[in-house]
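One structure below.
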Amino acid sequence: QVQLVESGGGLVQTGGSLRLSCLASVNIFRSYTMAWYRQPPGKQRELVASVTAVGYTYHTDSVKGRFTISRDIAKNTMYLQMNSLRPEDTAVYYCNRLPDWGSGSWGRGTQVTVSS
């Protein structure tokens with residue numbers, strides 16, 4: 001079973017930046033579409049961005065122009081560069097396959113808090 005570990009979250013002010021990392025236990029980025037998801041307080045988990053096995057990317061409308069998904073296949077790592085952060089970006093951020101591998105596949109996530 002693939003293990004995914006998210007890191008890089010923190011507390012930032014509105015307009016600040018963070019870079020999240022997702023380290024995979026095995027090299028999966030050439031085989032699957034991988035994605036960043038987030039779960040805001042009291043809300044359901046939602047898709048933020050994805051990258052296909054061949055490198056095509058998708059970003060949901062609310063983060064377009066501010067967030068950028070990327071990956072380093074040699075390092076088994078996926079990133080989410082987040083700029084111009086807003087309070088509504090506050091959430092726990094997770095990485096997983098798109099579609100996800102199921103309820104048991106989610107890691108602990110990394111908390112992002114944006115203060116106004």
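So you can find residues: chains in the structure tokens are A, B, ... in the order shown, residues in each start at 1, and ligands are numbered from 1 in order.
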**Request:** Please report, as a PyMOL selection string, each residue of region 58-87 of chain A to which DSSP assigns strand (DSSP E or B) when run on this structure's backbone.
**Result:** chain A and resi 58-59+67-72+77-82
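Coordinates place CA of Arg45 (chain A) at a distance of 19.8 Å from CA of Leu18 (chain A).
Among the candidate residues A:Ser116, A:Ser105, A:Thr90, A:Thr110, the one lying nearest to Pro41 (chain A) is A:Thr90, with distances computed using only C-alpha atoms.
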**Item:** Neighbour list for Tyr58 (chain A) as a PyMOL selection string, cut-off 7 Å, only C-alpha atoms, skip fewer than 6 positions in-chain
**Value:** chain A and resi 49-51
Any chance you can output those residues with N, CA, C and O atoms as an mmCIF file, in the first residue's frame?
```cif
data_model
loop_
_atom_site.group_PDB
_atom_site.id
_atom_site.type_symbol
_atom_site.label_atom_id
_atom_site.label_comp_id
_atom_site.auth_asym_id
_atom_site.auth_seq_id
_atom_site.Cartn_x
_atom_site.Cartn_y
_atom_site.Cartn_z
ATOM 1 N N ALA A 49 -6.315 20.590 -6.998
ATOM 2 C CA ALA A 49 -5.505 20.548 -8.212
ATOM 3 C C ALA A 49 -5.074 19.113 -8.467
ATOM 4 O O ALA A 49 -5.024 18.303 -7.539
ATOM 5 N N SER A 50 -4.748 18.819 -9.731
ATOM 6 C CA SER A 50 -4.293 17.479 -10.075
ATOM 7 C C SER A 50 -3.242 17.550 -11.164
ATOM 8 O O SER A 50 -3.151 18.541 -11.909
ATOM 9 N N VAL A 51 -2.471 16.470 -11.255
ATOM 10 C CA VAL A 51 -1.473 16.355 -12.310
ATOM 11 C C VAL A 51 -1.516 14.920 -12.828
ATOM 12 O O VAL A 51 -1.489 13.960 -12.051
#
```
**For CA of Ser31 (chain A) and CA of Pro99 (chain A), the interatomic separation in Å (one decimal)** =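 Going from CA of Ser31 (chain A) over to CA of Pro99 (chain A), I get 13.0 Å.
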**Asked** Smallest atom-to-atom distance to Gly107 (chain A): which of A:Leu47, A:Val92, A:Leu85, A:Ala53, using only C-alpha atoms?
**Response** A:Val92
Write out, as a tab-separated table, each residue of region 22-75 of chain A that has an atom at most 12 Å from region 5-9 of chain A, together with the closest pair of atoms and their distance in Å to one decimal, counting only C-alpha atoms, rows going by chain and rising number.
```
residue	atom	partner	partner_atom	distance
A:Cys22	CA	A:Glu6	CA	4.5
A:Leu23	CA	A:Val5	CA	5.2
A:Ala24	CA	A:Val5	CA	6.6
A:Ser25	CA	A:Val5	CA	8.4
A:Val26	CA	A:Val5	CA	11.6
A:Ala35	CA	A:Glu6	CA	11.8
A:Trp36	CA	A:Glu6	CA	9.8
A:Tyr37	CA	A:Glu6	CA	11.1
A:Arg38	CA	A:Glu6	CA	11.6
```
Atoms kept (all heavy atoms) for selection, written as a tab-separated table (two decimals), in the first residue's frame:
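result.tsv, freshly written:
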```tsv
chain	number	residue	atom	x	y	z
A	22	CYS	N	4.19	16.50	-0.86
A	22	CYS	CA	3.57	15.18	-0.69
A	22	CYS	C	4.61	14.15	-1.08
A	22	CYS	O	4.93	14.01	-2.26
A	22	CYS	CB	2.33	15.07	-1.54
A	22	CYS	SG	1.64	13.40	-1.63
A	23	LEU	N	5.12	13.43	-0.10
A	23	LEU	CA	6.13	12.41	-0.34
A	23	LEU	C	5.46	11.05	-0.40
A	23	LEU	O	4.76	10.65	0.53
A	23	LEU	CB	7.19	12.43	0.76
A	23	LEU	CG	8.27	11.37	0.69
A	23	LEU	CD1	9.10	11.53	-0.59
A	23	LEU	CD2	9.16	11.43	1.92
A	24	ALA	N	5.70	10.33	-1.49
A	24	ALA	CA	5.13	9.00	-1.66
A	24	ALA	C	6.17	7.93	-1.33
A	24	ALA	O	7.36	8.12	-1.59
A	24	ALA	CB	4.65	8.82	-3.09
A	25	SER	N	5.71	6.81	-0.78
A	25	SER	CA	6.63	5.75	-0.38
A	25	SER	C	7.18	4.97	-1.56
A	25	SER	O	8.22	4.32	-1.44
A	25	SER	CB	5.92	4.79	0.59
A	25	SER	OG	4.76	4.25	-0.01
A	26	VAL	N	6.48	5.04	-2.69
A	26	VAL	CA	6.96	4.41	-3.91
A	26	VAL	C	6.72	5.39	-5.05
A	26	VAL	O	5.98	6.36	-4.91
A	26	VAL	CB	6.23	3.08	-4.21
A	26	VAL	CG1	6.55	2.06	-3.14
A	26	VAL	CG2	4.74	3.29	-4.32
A	35	ALA	N	-3.37	14.16	-6.94
A	35	ALA	CA	-4.09	15.41	-6.68
A	35	ALA	C	-3.87	15.92	-5.27
A	35	ALA	O	-3.51	15.16	-4.36
A	35	ALA	CB	-5.58	15.18	-6.91
A	36	TRP	N	-4.10	17.19	-5.14
A	36	TRP	CA	-4.22	17.83	-3.83
A	36	TRP	C	-5.70	18.06	-3.56
A	36	TRP	O	-6.43	18.53	-4.43
A	36	TRP	CB	-3.47	19.16	-3.80
A	36	TRP	CG	-2.00	19.01	-3.67
A	36	TRP	CD1	-1.08	19.09	-4.68
A	36	TRP	CD2	-1.25	18.76	-2.48
A	36	TRP	NE1	0.18	18.89	-4.19
A	36	TRP	CE2	0.11	18.69	-2.84
A	36	TRP	CE3	-1.60	18.59	-1.14
A	36	TRP	CZ2	1.12	18.46	-1.90
A	36	TRP	CZ3	-0.61	18.36	-0.21
A	36	TRP	CH2	0.73	18.30	-0.59
A	37	TYR	N	-6.10	17.76	-2.35
A	37	TYR	CA	-7.44	18.01	-1.87
A	37	TYR	C	-7.34	18.88	-0.61
A	37	TYR	O	-6.28	18.96	0.01
A	37	TYR	CB	-8.13	16.69	-1.47
A	37	TYR	CG	-8.24	15.66	-2.56
A	37	TYR	CD1	-7.16	14.85	-2.92
A	37	TYR	CD2	-9.46	15.45	-3.22
A	37	TYR	CE1	-7.27	13.88	-3.90
A	37	TYR	CE2	-9.58	14.47	-4.20
A	37	TYR	CZ	-8.48	13.69	-4.53
A	37	TYR	OH	-8.60	12.72	-5.50
A	38	ARG	N	-8.46	19.47	-0.22
A	38	ARG	CA	-8.48	20.19	1.05
A	38	ARG	C	-9.84	20.04	1.70
A	38	ARG	O	-10.84	19.84	1.03
A	38	ARG	CB	-8.15	21.67	0.86
A	38	ARG	CG	-9.17	22.47	0.08
A	38	ARG	CD	-8.65	23.89	-0.14
A	38	ARG	NE	-9.61	24.70	-0.91
A	38	ARG	CZ	-9.34	25.92	-1.35
A	38	ARG	NH1	-8.16	26.49	-1.09
A	38	ARG	NH2	-10.25	26.59	-2.03
```
